[in-house]
Structure formats: C-alpha cells, structure tokens
file upload-v1.cif (mmCIF, C-alpha atoms)
data_run
loop_
_atom_site.label_atom_id
_atom_site.label_comp_id
_atom_site.auth_asym_id
_atom_site.auth_seq_id
_atom_site.Cartn_x
_atom_site.Cartn_y
_atom_site.Cartn_z
CA MET A 1 37.47 108.07 159.14
CA LYS A 2 36.07 104.85 157.71
CA ARG A 3 34.69 106.75 154.71
CA LEU A 4 38.11 108.31 154.05
CA PHE A 5 39.74 104.89 154.26
CA MET A 6 37.27 103.35 151.81
CA CYS A 7 37.70 106.29 149.45
CA GLY A 8 41.48 105.91 149.57
CA LEU A 9 41.20 102.17 148.96
CA PHE A 10 38.95 102.76 145.94
CA ILE A 11 41.40 105.27 144.46
CA ALA A 12 44.27 102.86 145.04
CA LEU A 13 42.38 100.08 143.26
CA LEU A 14 41.59 102.37 140.36
CA ALA A 15 45.24 103.36 140.15
CA GLY A 16 46.22 99.70 140.08
CA VAL A 17 43.80 98.96 137.25
CA PHE A 18 45.01 102.02 135.34
CA ALA A 19 48.65 101.04 135.77
CA GLN A 20 47.88 97.52 134.60
CA ARG A 21 46.19 98.80 131.47
CA GLN A 22 49.26 100.84 130.63
CA ASN A 23 51.16 97.58 130.15
CA HIS A 24 50.93 96.05 126.68
CA LYS A 25 51.62 92.42 125.82
CA VAL A 26 53.70 91.65 122.73
CA MET A 27 53.84 87.97 121.83
CA PHE A 28 55.03 85.40 119.34
CA TYR A 29 53.51 82.01 118.58
CA ASN A 30 54.48 79.29 116.10
CA PHE A 31 51.09 77.98 114.95
CA GLU A 32 52.67 74.73 113.71
CA ASN A 33 51.51 73.96 110.18
CA LEU A 34 48.30 75.95 110.02
CA PHE A 35 47.27 74.93 106.52
CA ASP A 36 43.84 75.10 104.99
CA THR A 37 42.48 71.95 103.35
CA ILE A 38 42.66 73.20 99.74
CA ARG A 39 45.41 72.01 97.39
CA ASP A 40 47.59 74.84 96.12
CA PRO A 41 49.57 73.72 93.03
CA GLU A 42 52.14 76.49 93.60
CA ILE A 43 53.45 74.99 96.88
CA PHE A 44 54.15 71.61 98.47
CA ASP A 45 51.04 71.33 100.65
CA GLU A 46 49.80 67.90 99.51
CA GLU A 47 50.09 66.28 102.93
CA PHE A 48 47.70 68.86 104.40
CA THR A 49 44.76 67.96 102.16
CA PRO A 50 42.03 65.33 102.58
CA GLN A 51 43.86 63.12 100.07
CA GLY A 52 47.29 63.57 101.69
CA GLY A 53 49.07 61.38 104.19
CA LYS A 54 47.68 63.31 107.14
CA LYS A 55 44.08 63.13 105.90
CA TRP A 56 43.75 66.80 106.79
CA ASN A 57 40.08 67.80 106.58
CA SER A 58 37.64 70.48 107.72
CA VAL A 59 36.91 68.75 111.04
CA LYS A 60 40.59 68.66 111.99
CA TYR A 61 41.10 72.17 110.68
CA LYS A 62 38.27 73.55 112.80
CA LYS A 63 39.68 71.76 115.84
CA LYS A 64 43.06 73.40 115.21
CA ILE A 65 41.49 76.85 114.84
CA SER A 66 39.49 76.35 118.05
CA ASN A 67 42.65 75.31 119.90
CA LEU A 68 44.51 78.42 118.80
CA GLU A 69 41.55 80.57 119.83
CA LYS A 70 41.70 79.04 123.31
CA VAL A 71 45.42 79.71 123.76
CA LEU A 72 45.23 83.30 122.52
CA PHE A 73 42.18 84.07 124.63
CA ASP A 74 43.73 82.53 127.74
CA ILE A 75 46.81 84.71 127.24
CA ALA A 76 44.51 87.72 126.96
CA SER A 77 42.72 86.61 130.12
CA ILE A 78 45.91 86.85 132.19
CA ASP A 79 45.27 90.57 132.66
CA ARG A 80 42.00 90.95 130.74
CA ASN A 81 43.91 92.61 127.92
CA TYR A 82 44.44 91.26 124.42
CA PRO A 83 48.05 91.36 123.19
CA VAL A 84 48.80 94.50 121.20
CA VAL A 85 51.02 92.72 118.66
CA ILE A 86 51.18 89.00 117.90
CA GLY A 87 53.84 87.63 115.58
CA VAL A 88 53.00 84.22 114.11
CA SER A 89 54.76 81.64 111.97
CA GLU A 90 53.90 78.47 110.02
CA ILE A 91 50.71 79.81 108.45
CA GLU A 92 49.81 78.99 104.86
CA ASN A 93 48.02 82.17 103.79
CA ARG A 94 45.95 85.14 104.82
CA ASN A 95 42.75 83.07 104.89
CA VAL A 96 43.89 80.94 107.80
CA LEU A 97 44.96 84.07 109.67
CA GLU A 98 41.49 85.50 109.20
CA ASP A 99 39.85 82.28 110.37
CA VAL A 100 41.69 82.45 113.70
CA ILE A 101 40.75 86.01 114.59
CA ALA A 102 37.17 85.50 113.40
CA GLN A 103 36.59 83.18 116.37
CA PRO A 104 34.09 84.56 118.92
CA LYS A 105 36.53 84.98 121.81
CA LEU A 106 39.05 86.88 119.68
CA ARG A 107 36.63 89.08 117.75
CA PRO A 108 36.49 91.82 120.43
CA ALA A 109 40.21 92.56 119.88
CA ASN A 110 39.45 93.70 116.31
CA TYR A 111 42.82 92.40 115.14
CA HIS A 112 44.17 93.55 111.80
CA ILE A 113 46.71 91.59 109.74
CA VAL A 114 50.07 92.29 108.13
CA HIS A 115 50.93 89.39 105.83
CA TYR A 116 52.95 88.73 102.67
CA ASP A 117 53.22 85.49 100.72
CA SER A 118 56.76 84.18 101.07
CA PRO A 119 58.81 82.13 98.57
CA ASP A 120 59.02 79.16 100.96
CA ARG A 121 58.53 75.94 99.00
CA ARG A 122 55.99 74.56 101.50
CA GLY A 123 54.13 77.85 101.39
CA VAL A 124 54.44 78.65 105.09
CA ASP A 125 54.66 82.33 105.96
CA VAL A 126 55.11 84.64 108.92
CA ALA A 127 52.73 87.46 109.76
CA PHE A 128 51.48 89.91 112.36
CA TYR A 129 48.22 90.52 114.14
CA TYR A 130 47.91 93.96 115.69
CA ARG A 131 45.31 95.96 117.54
CA PRO A 132 44.71 99.23 115.66
CA ASP A 133 43.34 100.90 118.78
CA VAL A 134 46.82 100.71 120.34
CA PHE A 135 49.36 100.17 117.57
CA LYS A 136 49.00 102.85 114.92
CA LEU A 137 50.35 101.20 111.78
CA GLU A 138 52.27 103.47 109.41
CA GLY A 139 53.74 100.94 106.99
CA SER A 140 54.99 97.42 106.35
CA ALA A 141 57.41 95.58 104.08
CA THR A 142 59.37 92.36 103.68
CA LEU A 143 63.08 91.72 103.96
CA PRO A 144 63.92 88.97 101.43
CA TYR A 145 66.35 86.16 102.21
CA HIS A 146 69.02 85.62 99.54
CA LEU A 147 72.10 83.45 100.04
CA LYS A 148 74.80 83.79 97.36
CA SER A 149 76.23 80.34 98.06
CA LYS A 150 72.76 78.78 97.58
CA PRO A 151 70.96 80.88 94.95
CA ASP A 152 68.11 78.36 94.59
CA PHE A 153 67.38 78.15 98.33
CA ARG A 154 63.95 79.50 99.22
CA THR A 155 62.72 80.28 102.72
CA ARG A 156 60.52 82.70 104.60
CA ASP A 157 61.00 86.44 104.19
CA VAL A 158 61.22 88.62 107.28
CA VAL A 159 58.02 90.65 107.66
CA THR A 160 58.35 94.13 109.12
CA MET A 161 55.90 96.79 110.21
CA TRP A 162 56.28 100.18 111.83
CA GLY A 163 54.09 102.67 113.61
CA LYS A 164 53.43 104.10 117.06
CA ILE A 165 52.31 102.85 120.46
CA ASP A 166 51.29 105.59 122.88
CA GLY A 167 52.88 108.08 120.51
CA GLU A 168 56.30 106.36 120.53
CA PRO A 169 57.84 104.95 117.31
CA PHE A 170 58.19 101.17 116.98
CA TYR A 171 59.68 98.89 114.35
CA PHE A 172 58.62 95.22 114.51
CA MET A 173 60.15 92.24 112.71
CA VAL A 174 58.93 88.64 112.65
CA ALA A 175 60.88 85.76 111.15
CA HIS A 176 61.10 82.01 110.85
CA TRP A 177 64.75 81.20 110.22
CA PRO A 178 65.95 78.19 108.19
CA SER A 179 65.67 74.85 109.97
CA ARG A 180 68.41 72.58 111.27
CA LEU A 181 67.89 70.13 108.42
CA GLY A 182 71.21 68.39 107.81
CA GLY A 183 72.42 69.11 111.34
CA LYS A 184 72.82 72.16 113.54
CA GLY A 185 76.46 72.74 112.62
CA GLN A 186 76.07 72.32 108.86
CA SER A 187 73.06 74.64 108.72
CA SER A 188 74.17 77.27 111.25
CA GLY A 189 75.46 79.65 108.58
CA MET A 190 72.00 79.91 107.05
CA ARG A 191 70.50 81.09 110.33
CA GLU A 192 73.40 83.45 110.95
CA HIS A 193 72.69 84.99 107.55
CA ALA A 194 69.04 85.48 108.56
CA ALA A 195 70.19 87.09 111.80
CA ALA A 196 72.45 89.45 109.88
CA ILE A 197 69.56 90.55 107.66
CA MET A 198 67.51 91.49 110.71
CA ARG A 199 70.40 93.13 112.53
CA ARG A 200 71.28 95.33 109.56
CA ALA A 201 67.68 96.46 109.25
CA ALA A 202 67.38 97.18 112.97
CA ASP A 203 70.64 99.16 113.07
CA SER A 204 69.66 101.12 109.96
CA VAL A 205 66.30 102.12 111.43
CA ARG A 206 67.87 103.19 114.68
CA ARG A 207 70.56 105.24 112.94
CA ALA A 208 67.84 107.12 111.08
CA ASN A 209 65.88 107.71 114.29
CA PRO A 210 67.50 106.76 117.64
CA ALA A 211 64.09 107.03 119.34
CA VAL A 212 62.67 104.06 117.41
CA LYS A 213 62.11 101.00 119.60
CA VAL A 214 62.88 97.76 117.79
CA VAL A 215 61.27 94.38 118.47
CA MET A 216 62.65 91.31 116.65
CA MET A 217 60.71 88.10 117.19
CA GLY A 218 60.25 84.67 115.72
CA ASP A 219 61.09 81.01 115.61
CA PHE A 220 64.83 81.28 115.08
CA ASN A 221 65.50 77.51 115.05
CA ASP A 222 68.41 78.35 117.34
CA ASP A 223 68.58 78.85 121.07
CA ALA A 224 68.91 82.22 122.73
CA THR A 225 72.57 81.43 123.47
CA ASP A 226 73.58 80.24 120.00
CA ARG A 227 75.87 82.45 117.93
CA SER A 228 73.16 83.49 115.48
CA VAL A 229 71.00 84.97 118.24
CA ALA A 230 73.54 86.00 120.87
CA GLU A 231 76.26 87.43 118.62
CA VAL A 232 74.98 88.12 115.09
CA LEU A 233 71.57 89.38 116.16
CA GLY A 234 73.19 90.67 119.33
CA GLY A 235 70.64 89.58 121.93
CA LYS A 236 72.39 90.05 125.27
CA GLY A 237 71.01 88.41 128.38
CA ASP A 238 71.86 90.92 131.13
CA ILE A 239 69.72 94.05 131.05
CA LYS A 240 72.06 95.79 133.51
CA LYS A 241 75.00 95.58 131.11
CA LEU A 242 73.40 97.10 128.03
CA SER A 243 75.00 100.04 126.25
CA GLU A 244 73.50 102.38 123.68
CA GLY A 245 72.89 100.49 120.44
CA ASP A 246 72.71 97.07 122.14
CA TYR A 247 69.88 94.54 122.04
CA PHE A 248 68.35 92.59 124.91
CA ASN A 249 66.98 89.04 124.88
CA PRO A 250 64.80 88.43 127.96
CA PHE A 251 64.81 84.67 127.33
CA VAL A 252 68.54 83.99 127.78
CA GLU A 253 68.26 83.62 131.54
CA MET A 254 65.29 81.29 131.19
CA LEU A 255 67.20 79.01 128.81
CA ASN A 256 70.17 78.96 131.17
CA ASP A 257 67.78 77.80 133.90
CA GLY A 258 66.64 74.89 131.75
CA ILE A 259 63.34 76.41 130.59
CA GLY A 260 62.32 76.14 126.94
CA THR A 261 59.54 76.43 124.39
CA LEU A 262 59.96 73.08 122.62
CA ALA A 263 61.45 69.72 123.46
CA TYR A 264 63.62 67.36 121.43
CA ARG A 265 65.13 64.09 122.65
CA ASP A 266 64.15 64.92 126.23
CA ALA A 267 65.98 68.26 126.20
CA TRP A 268 64.44 71.72 126.09
CA ASN A 269 65.24 74.31 123.45
CA LEU A 270 64.23 77.95 123.35
CA PHE A 271 63.91 78.77 119.65
CA ASP A 272 61.08 81.28 120.18
CA ASN A 273 62.61 84.62 120.99
CA ILE A 274 61.71 88.29 121.35
CA VAL A 275 64.79 90.53 121.12
CA ILE A 276 64.41 94.24 121.79
CA SER A 277 66.53 97.36 121.39
CA GLU A 278 68.34 98.88 124.35
CA ASN A 279 66.04 101.92 124.52
CA LEU A 280 63.01 99.64 124.97
CA ALA A 281 64.85 97.54 127.53
CA THR A 282 66.04 100.45 129.65
CA GLY A 283 63.66 103.27 128.76
CA SER A 284 66.54 105.50 127.68
CA THR A 285 64.25 107.17 125.10
CA GLY A 286 60.56 107.83 125.63
CA LYS A 287 58.54 106.33 128.47
CA LEU A 288 57.75 102.81 127.29
CA LYS A 289 60.08 100.05 128.45
CA ILE A 290 60.00 96.32 129.11
CA ARG A 291 58.27 95.34 132.34
CA LYS A 292 58.12 92.13 134.30
CA SER A 293 54.76 90.38 134.35
CA SER A 294 54.45 91.06 138.09
CA PRO A 295 56.60 92.52 140.90
CA LYS A 296 57.44 88.96 141.99
CA ALA A 297 58.39 87.71 138.51
CA HIS A 298 61.99 86.60 138.12
CA TYR A 299 62.24 87.00 134.33
CA TYR A 300 61.44 89.79 131.90
CA GLY A 301 60.16 87.26 129.36
CA SER A 302 57.25 84.84 129.76
CA ILE A 303 56.43 81.46 128.27
CA PHE A 304 52.75 80.52 128.25
CA LYS A 305 52.02 76.89 128.97
CA GLN A 306 49.00 75.32 130.59
CA PRO A 307 48.30 71.65 131.46
CA TYR A 308 45.95 71.28 128.50
CA MET A 309 48.85 72.23 126.16
CA ILE A 310 51.11 69.42 127.45
CA ASN A 311 51.17 65.69 126.69
CA LYS A 312 50.13 63.72 129.76
CA GLU A 313 51.50 60.33 128.76
CA GLY A 314 53.38 58.29 126.21
CA GLN A 315 56.73 58.77 124.50
CA PHE A 316 56.35 62.55 124.49
CA LYS A 317 55.04 63.00 128.02
CA GLY A 318 55.74 66.54 129.20
CA TYR A 319 56.28 67.87 125.66
CA PRO A 320 54.01 70.45 124.02
CA LYS A 321 50.89 68.71 122.71
CA ARG A 322 51.17 69.06 118.96
CA THR A 323 48.68 68.63 116.12
CA TYR A 324 50.30 65.52 114.64
CA VAL A 325 52.94 62.99 115.53
CA GLY A 326 53.88 61.70 112.11
CA ASN A 327 50.53 61.15 110.39
CA ASN A 328 48.70 60.46 113.65
CA PHE A 329 46.32 63.28 114.56
CA GLN A 330 46.75 64.32 118.20
CA GLY A 331 44.25 67.17 118.28
CA GLY A 332 46.82 69.36 119.98
CA PHE A 333 47.89 72.97 119.78
CA SER A 334 51.50 73.37 118.60
CA ASP A 335 54.90 71.83 119.09
CA HIS A 336 56.00 75.21 120.50
CA PHE A 337 54.80 77.19 123.50
CA PRO A 338 54.10 80.89 122.83
CA VAL A 339 56.27 83.63 124.36
CA TYR A 340 55.45 87.18 125.33
CA ILE A 341 56.76 90.30 127.03
CA TYR A 342 55.16 93.29 128.68
CA ILE A 343 55.96 96.87 127.79
CA GLY A 344 54.62 99.84 129.71
CA LYS A 345 55.33 103.20 131.28
#
call {"tool": "encode", "arguments": {"input": "upload-v1.cif", "output": "structure tokens"}}
result
Amino acid sequence: MKRLFMCGLFIALLAGVFAQRQNHKVMFYNFENLFDTIRDPEIFDEEFTPQGGKKWNSVKYKKKISNLEKVLFDIASIDRNYPVVIGVSEIENRNVLEDVIAQPKLRPANYHIVHYDSPDRRGVDVAFYYRPDVFKLEGSATLPYHLKSKPDFRTRDVVTMWGKIDGEPFYFMVAHWPSRLGGKGQSSGMREHAAAIMRRAADSVRRANPAVKVVMMGDFNDDATDRSVAEVLGGKGDIKKLSEGDYFNPFVEMLNDGIGTLAYRDAWNLFDNIVISENLATGSTGKLKIRKSSPKAHYYGSIFKQPYMINKEGQFKGYPKRTYVGNNFQGGFSDHFPVYIYIGK
C-alpha cells in the first residue's frame, strides 16, 4: 500500500512539473537608456559617452549589463524557465542587446534577437529576444510611425515578428510610444496615433487568419486606462466580457488597485503593458491561453519587483532604483519594473 502511495505521489509530482513547463512566460522590460559608450554621430547620444554629462564609461556600462542580467535571471528563476519572448525598449543598438544575453546566467537560454534601427533622434530602439527552441520565428518587420500634422517628427518604429509556439500561430508587436513631453493632454494624440497603427496591424492579421494570437507590448507612456490604450488599442480589463475580435489588458485591474510599474510625483503609473487578442485570453482558438501565475494569484498579469530594485531612502524612496538621477550615477536597474504574463495549455 505504501509503495502504491509513493508511486502515485511521484506521478503527481511529475505531472505538476510537466504542467508547469507547459506554461510560457512572455515579458516586457524598459531597459532605461542602455547605450554603449561609443559616440555615434548619426544620433544624439553625447551624454552617454565618457566625455558627456553623465560620464558614461565601461565600468558603469558593465554594471548596467550585470544588473539587467540579474533581473532577467531572477524572473527565469521563478519557475526555472526562461521567458519565451522578451520585448525590450530604450536600447541603442544590436550590440548592447548582444552584450546582455552574452552574460553567463542568460547564455543557457540561447536567445536570438529581432532588432531594427529606428529613426528616433536619440537612437533608442525597441527589440525582441526569443527562444528558438519554443518560438519558431517565421518573419519580422517594422511598422513605421508617420504623423501628417508633424512630418518632421521622428520616433521609434513598432517592431513585429511572427511564428509559432507549440504549433499555434502568434504575432508579436513591441513599441515605445511618444513621450508626454509638453504635457499629457497636448501629446495624447501622438500616442493615440501609435495605438491606431498597432490596432490596424493586429486587426489585419486576425482578419487574414482568425487563429493567430496577437500580443502587443511596450512602454506606451500612457496608463492602461487612458484612451490610447483602453479605446484606440482596445485593451479591455474584464476577461469575462470579451467578445470575438476584442483585446484584453491584464494590467487594468492592477492599475485600478493602485499598482504600477513606475512612479512620478509620488503616484504610480502603469505604462508597461501587454495587450493580447481575445482568442489568447479565452482560448477560443487552439489550446494556448493566458494563465495566472499560480492558482492563488489575483491578476492575470505580473509585475516583477524585488527589494534590490527599489530605492531604500531619499527623495525617491520606494521608487524603482534607476541608473541615473540627473547626472548622478545610482548604479540601479531601470526606472520601470518589468511585466510579464503566462500562457499555457
């Protein structure tokens, strides 16, 4: 009898491990000004050079890379599984992307990169890391940002990639929408235009193949409840009220509960979002769908923050510990916390 019990327990444990491995993490992280130390005359990167105001040098750069390695590895350590797809923003070029994943703790994931140089004047881009053992890349492209009312305005393109996870078709988008420079109200139309670009692309892909599961992520410089995200992009906050063709934002409820990814003037914002198509939210096509991080989890989305990522004292106590405050090097991680979701069968 005891032998049967132990055998049953072993099988149950194996089943639990197997079920866990069927869940895949998809995440987004704003790396906050990950520049190399080399002057590029084509962009405005002077401040991030040894001669610039920030005195950015190889020692500080290596510290930044090591910090990012720690965060990404600790996220992988949650369930001993590296994220399948990582969207990133505020990176200068492909070289800095390669430096991050070349770190010893990230090397086992064998991450590949999807990156395009954007027309942003500061030279910051968005990009993807992906694990080729899980996500089978089929193609990638950019969606350019053009605003007729401001023909000279230059910002980040939206980077897209498509392929399959567990045999199911996926279409990923990562973006870093225009900032709130000049005020939230005055600049809102620029972010709504970015949202419309992504929404049109998502709808077009889904019309061509209703089985495609869409994931839109990024630093939107707007909260999950602002018009650009909630209405133009269409990220609804209640998974139980989704209809065919809708999109779900698992971070709306968190924002409504006062939880955010960055702080400003002692208030929390949630600019870092992952918005998914209805069929990925509900599982109406295929077998993969969004999952909570655990049976006891209240939210479908997760924000990763650990004590070492948070300021312990001073004016910005409780805020994310960033790399710089002004020109003062803090040795931190980012001014944003990363976000992630689980998808599984």
call {"tool": "resolve_selection", "arguments": {"input": "upload-v1.cif", "expression": "the PyMOL selection byres ((chain A and resi 25) around 7)", "output": "NGL selection string"}}
result
:A and (23-24 or 26-27 or 83-84 or 340-343)
call {"tool": "resolve_selection", "arguments": {"input": "upload-v1.cif", "expression": "the PyMOL selection byres ((chain A and resi 180) around 12)", "output": "PyMOL selection string"}}
result
chain A and resi 176-179+181-192+219-223+271
call {"tool": "resolve_selection", "arguments": {"input": "upload-v1.cif", "expression": "the PyMOL selection byres ((chain A and resi 238) around 9)", "output": "PDB file with C-alpha atoms, in the frame of the given file"}}
result
ATOM      1  CA  LYS A 236      72.390  90.050 125.270  1.00  0.00           C
ATOM      2  CA  GLY A 237      71.010  88.410 128.380  1.00  0.00           C
ATOM      3  CA  ILE A 239      69.720  94.050 131.050  1.00  0.00           C
ATOM      4  CA  LYS A 240      72.060  95.790 133.510  1.00  0.00           C
ATOM      5  CA  LYS A 241      75.000  95.580 131.110  1.00  0.00           C
ATOM      6  CA  LEU A 242      73.400  97.100 128.030  1.00  0.00           C
ATOM      7  CA  PHE A 248      68.350  92.590 124.910  1.00  0.00           C
ATOM      8  CA  ASN A 249      66.980  89.040 124.880  1.00  0.00           C
ATOM      9  CA  PRO A 250      64.800  88.430 127.960  1.00  0.00           C
ATOM     10  CA  VAL A 252      68.540  83.990 127.780  1.00  0.00           C
ATOM     11  CA  GLU A 253      68.260  83.620 131.540  1.00  0.00           C
TER      12      GLU A 253
END
call {"tool": "residues_near_point", "arguments": {"input": "upload-v1.cif", "point": "(56.6, 79.2, 109.4)", "cutoff": "12 Å", "atoms": "only C-alpha atoms", "output": "PyMOL selection string"}}
result
chain A and resi 28-35+87-93+117-127+155-159+174-179+218-221+272+336
call {"tool": "residues_around", "arguments": {"input": "upload-v1.cif", "residues": "Gly326 in chain A", "least_positions_apart": "3", "cutoff": "12 Å", "atoms": "all atoms listed in the file", "output": "JSON, numbers by chain"}}
result
{"A": [47, 53, 54, 55, 322, 323, 329, 330]}
call {"tool": "residues_around", "arguments": {"input": "upload-v1.cif", "residues": "Met216 in chain A", "least_positions_apart": "5", "cutoff": "7 Å", "atoms": "all atoms listed in the file", "output": "list in words"}}
result
Phe172, Met173, Val174, Ile274, Val275 and Ile276 of chain A
call {"tool": "write_last_selection", "arguments": {"input": "upload-v1.cif", "atoms": "C-alpha atoms", "output": "PDB file, in the frame of the given file"}}
result
ATOM      1  CA  PHE A 172      58.620  95.220 114.510  1.00  0.00           C
ATOM      2  CA  MET A 173      60.150  92.240 112.710  1.00  0.00           C
ATOM      3  CA  VAL A 174      58.930  88.640 112.650  1.00  0.00           C
ATOM      4  CA  ILE A 274      61.710  88.290 121.350  1.00  0.00           C
ATOM      5  CA  VAL A 275      64.790  90.530 121.120  1.00  0.00           C
ATOM      6  CA  ILE A 276      64.410  94.240 121.790  1.00  0.00           C
TER       7      ILE A 276
END
call {"tool": "decode", "arguments": {"input": "upload-v1.cif", "residues": "range 288-308 of chain A", "atoms": "N, CA, C and O atoms", "output": "PDB file, in the first residue's frame"}}
result
ATOM      1  N   LEU A 288      -3.570  27.175 -26.433  1.00  0.00           N
ATOM      2  CA  LEU A 288      -2.824  28.108 -25.598  1.00  0.00           C
ATOM      3  C   LEU A 288      -3.690  29.294 -25.199  1.00  0.00           C
ATOM      4  O   LEU A 288      -4.401  29.859 -26.025  1.00  0.00           O
ATOM      5  N   LYS A 289      -3.615  29.668 -23.939  1.00  0.00           N
ATOM      6  CA  LYS A 289      -4.376  30.812 -23.431  1.00  0.00           C
ATOM      7  C   LYS A 289      -3.613  31.416 -22.258  1.00  0.00           C
ATOM      8  O   LYS A 289      -2.695  30.801 -21.712  1.00  0.00           O
ATOM      9  N   ILE A 290      -3.992  32.608 -21.866  1.00  0.00           N
ATOM     10  CA  ILE A 290      -3.347  33.260 -20.732  1.00  0.00           C
ATOM     11  C   ILE A 290      -3.669  32.486 -19.458  1.00  0.00           C
ATOM     12  O   ILE A 290      -4.772  31.954 -19.289  1.00  0.00           O
ATOM     13  N   ARG A 291      -2.677  32.396 -18.588  1.00  0.00           N
ATOM     14  CA  ARG A 291      -2.842  31.701 -17.315  1.00  0.00           C
ATOM     15  C   ARG A 291      -2.406  32.632 -16.186  1.00  0.00           C
ATOM     16  O   ARG A 291      -1.543  33.495 -16.386  1.00  0.00           O
ATOM     17  N   LYS A 292      -2.951  32.435 -15.026  1.00  0.00           N
ATOM     18  CA  LYS A 292      -2.449  33.157 -13.859  1.00  0.00           C
ATOM     19  C   LYS A 292      -1.145  32.517 -13.405  1.00  0.00           C
ATOM     20  O   LYS A 292      -0.889  31.343 -13.666  1.00  0.00           O
ATOM     21  N   SER A 293      -0.331  33.286 -12.703  1.00  0.00           N
ATOM     22  CA  SER A 293       0.978  32.781 -12.291  1.00  0.00           C
ATOM     23  C   SER A 293       0.875  31.632 -11.299  1.00  0.00           C
ATOM     24  O   SER A 293       1.790  30.812 -11.195  1.00  0.00           O
ATOM     25  N   SER A 294      -0.234  31.554 -10.578  1.00  0.00           N
ATOM     26  CA  SER A 294      -0.480  30.462  -9.643  1.00  0.00           C
ATOM     27  C   SER A 294      -1.980  30.405  -9.375  1.00  0.00           C
ATOM     28  O   SER A 294      -2.708  31.377  -9.630  1.00  0.00           O
ATOM     29  N   PRO A 295      -2.476  29.282  -8.860  1.00  0.00           N
ATOM     30  CA  PRO A 295      -3.924  29.187  -8.563  1.00  0.00           C
ATOM     31  C   PRO A 295      -4.408  30.259  -7.595  1.00  0.00           C
ATOM     32  O   PRO A 295      -5.589  30.625  -7.610  1.00  0.00           O
ATOM     33  N   LYS A 296      -3.521  30.779  -6.759  1.00  0.00           N
ATOM     34  CA  LYS A 296      -3.914  31.773  -5.766  1.00  0.00           C
ATOM     35  C   LYS A 296      -3.747  33.207  -6.266  1.00  0.00           C
ATOM     36  O   LYS A 296      -4.129  34.157  -5.576  1.00  0.00           O
ATOM     37  N   ALA A 297      -3.160  33.379  -7.448  1.00  0.00           N
ATOM     38  CA  ALA A 297      -2.912  34.726  -7.975  1.00  0.00           C
ATOM     39  C   ALA A 297      -4.220  35.439  -8.286  1.00  0.00           C
ATOM     40  O   ALA A 297      -5.170  34.837  -8.790  1.00  0.00           O
ATOM     41  N   HIS A 298      -4.263  36.728  -7.963  1.00  0.00           N
ATOM     42  CA  HIS A 298      -5.476  37.513  -8.204  1.00  0.00           C
ATOM     43  C   HIS A 298      -5.525  38.056  -9.627  1.00  0.00           C
ATOM     44  O   HIS A 298      -6.593  38.188 -10.224  1.00  0.00           O
ATOM     45  N   TYR A 299      -4.354  38.374 -10.199  1.00  0.00           N
ATOM     46  CA  TYR A 299      -4.297  39.020 -11.506  1.00  0.00           C
ATOM     47  C   TYR A 299      -3.753  38.076 -12.579  1.00  0.00           C
ATOM     48  O   TYR A 299      -2.994  37.154 -12.290  1.00  0.00           O
ATOM     49  N   TYR A 300      -4.116  38.358 -13.820  1.00  0.00           N
ATOM     50  CA  TYR A 300      -3.552  37.614 -14.943  1.00  0.00           C
ATOM     51  C   TYR A 300      -2.184  38.151 -15.347  1.00  0.00           C
ATOM     52  O   TYR A 300      -1.395  37.445 -15.971  1.00  0.00           O
ATOM     53  N   GLY A 301      -1.907  39.400 -15.027  1.00  0.00           N
ATOM     54  CA  GLY A 301      -0.610  39.991 -15.321  1.00  0.00           C
ATOM     55  C   GLY A 301       0.259  40.026 -14.082  1.00  0.00           C
ATOM     56  O   GLY A 301      -0.238  39.973 -12.952  1.00  0.00           O
ATOM     57  N   SER A 302       1.573  40.132 -14.278  1.00  0.00           N
ATOM     58  CA  SER A 302       2.514  40.186 -13.155  1.00  0.00           C
ATOM     59  C   SER A 302       3.514  41.312 -13.371  1.00  0.00           C
ATOM     60  O   SER A 302       3.938  41.579 -14.493  1.00  0.00           O
ATOM     61  N   ILE A 303       3.863  41.964 -12.275  1.00  0.00           N
ATOM     62  CA  ILE A 303       4.928  42.964 -12.265  1.00  0.00           C
ATOM     63  C   ILE A 303       6.044  42.410 -11.398  1.00  0.00           C
ATOM     64  O   ILE A 303       5.802  41.989 -10.265  1.00  0.00           O
ATOM     65  N   PHE A 304       7.265  42.400 -11.928  1.00  0.00           N
ATOM     66  CA  PHE A 304       8.387  41.853 -11.169  1.00  0.00           C
ATOM     67  C   PHE A 304       9.107  42.981 -10.466  1.00  0.00           C
ATOM     68  O   PHE A 304       9.638  43.898 -11.101  1.00  0.00           O
ATOM     69  N   LYS A 305       9.145  42.914  -9.157  1.00  0.00           N
ATOM     70  CA  LYS A 305       9.916  43.884  -8.379  1.00  0.00           C
ATOM     71  C   LYS A 305      10.428  43.205  -7.116  1.00  0.00           C
ATOM     72  O   LYS A 305       9.691  42.501  -6.424  1.00  0.00           O
ATOM     73  N   GLN A 306      11.685  43.402  -6.868  1.00  0.00           N
ATOM     74  CA  GLN A 306      12.360  42.843  -5.709  1.00  0.00           C
ATOM     75  C   GLN A 306      12.977  43.980  -4.905  1.00  0.00           C
ATOM     76  O   GLN A 306      13.240  45.066  -5.440  1.00  0.00           O
ATOM     77  N   PRO A 307      13.244  43.764  -3.615  1.00  0.00           N
ATOM     78  CA  PRO A 307      13.813  44.845  -2.784  1.00  0.00           C
ATOM     79  C   PRO A 307      15.054  45.491  -3.378  1.00  0.00           C
ATOM     80  O   PRO A 307      15.242  46.711  -3.271  1.00  0.00           O
ATOM     81  N   TYR A 308      15.903  44.698  -4.028  1.00  0.00           N
ATOM     82  CA  TYR A 308      17.134  45.275  -4.579  1.00  0.00           C
ATOM     83  C   TYR A 308      16.863  46.216  -5.749  1.00  0.00           C
ATOM     84  O   TYR A 308      17.738  46.998  -6.146  1.00  0.00           O
TER      85      TYR A 308
END
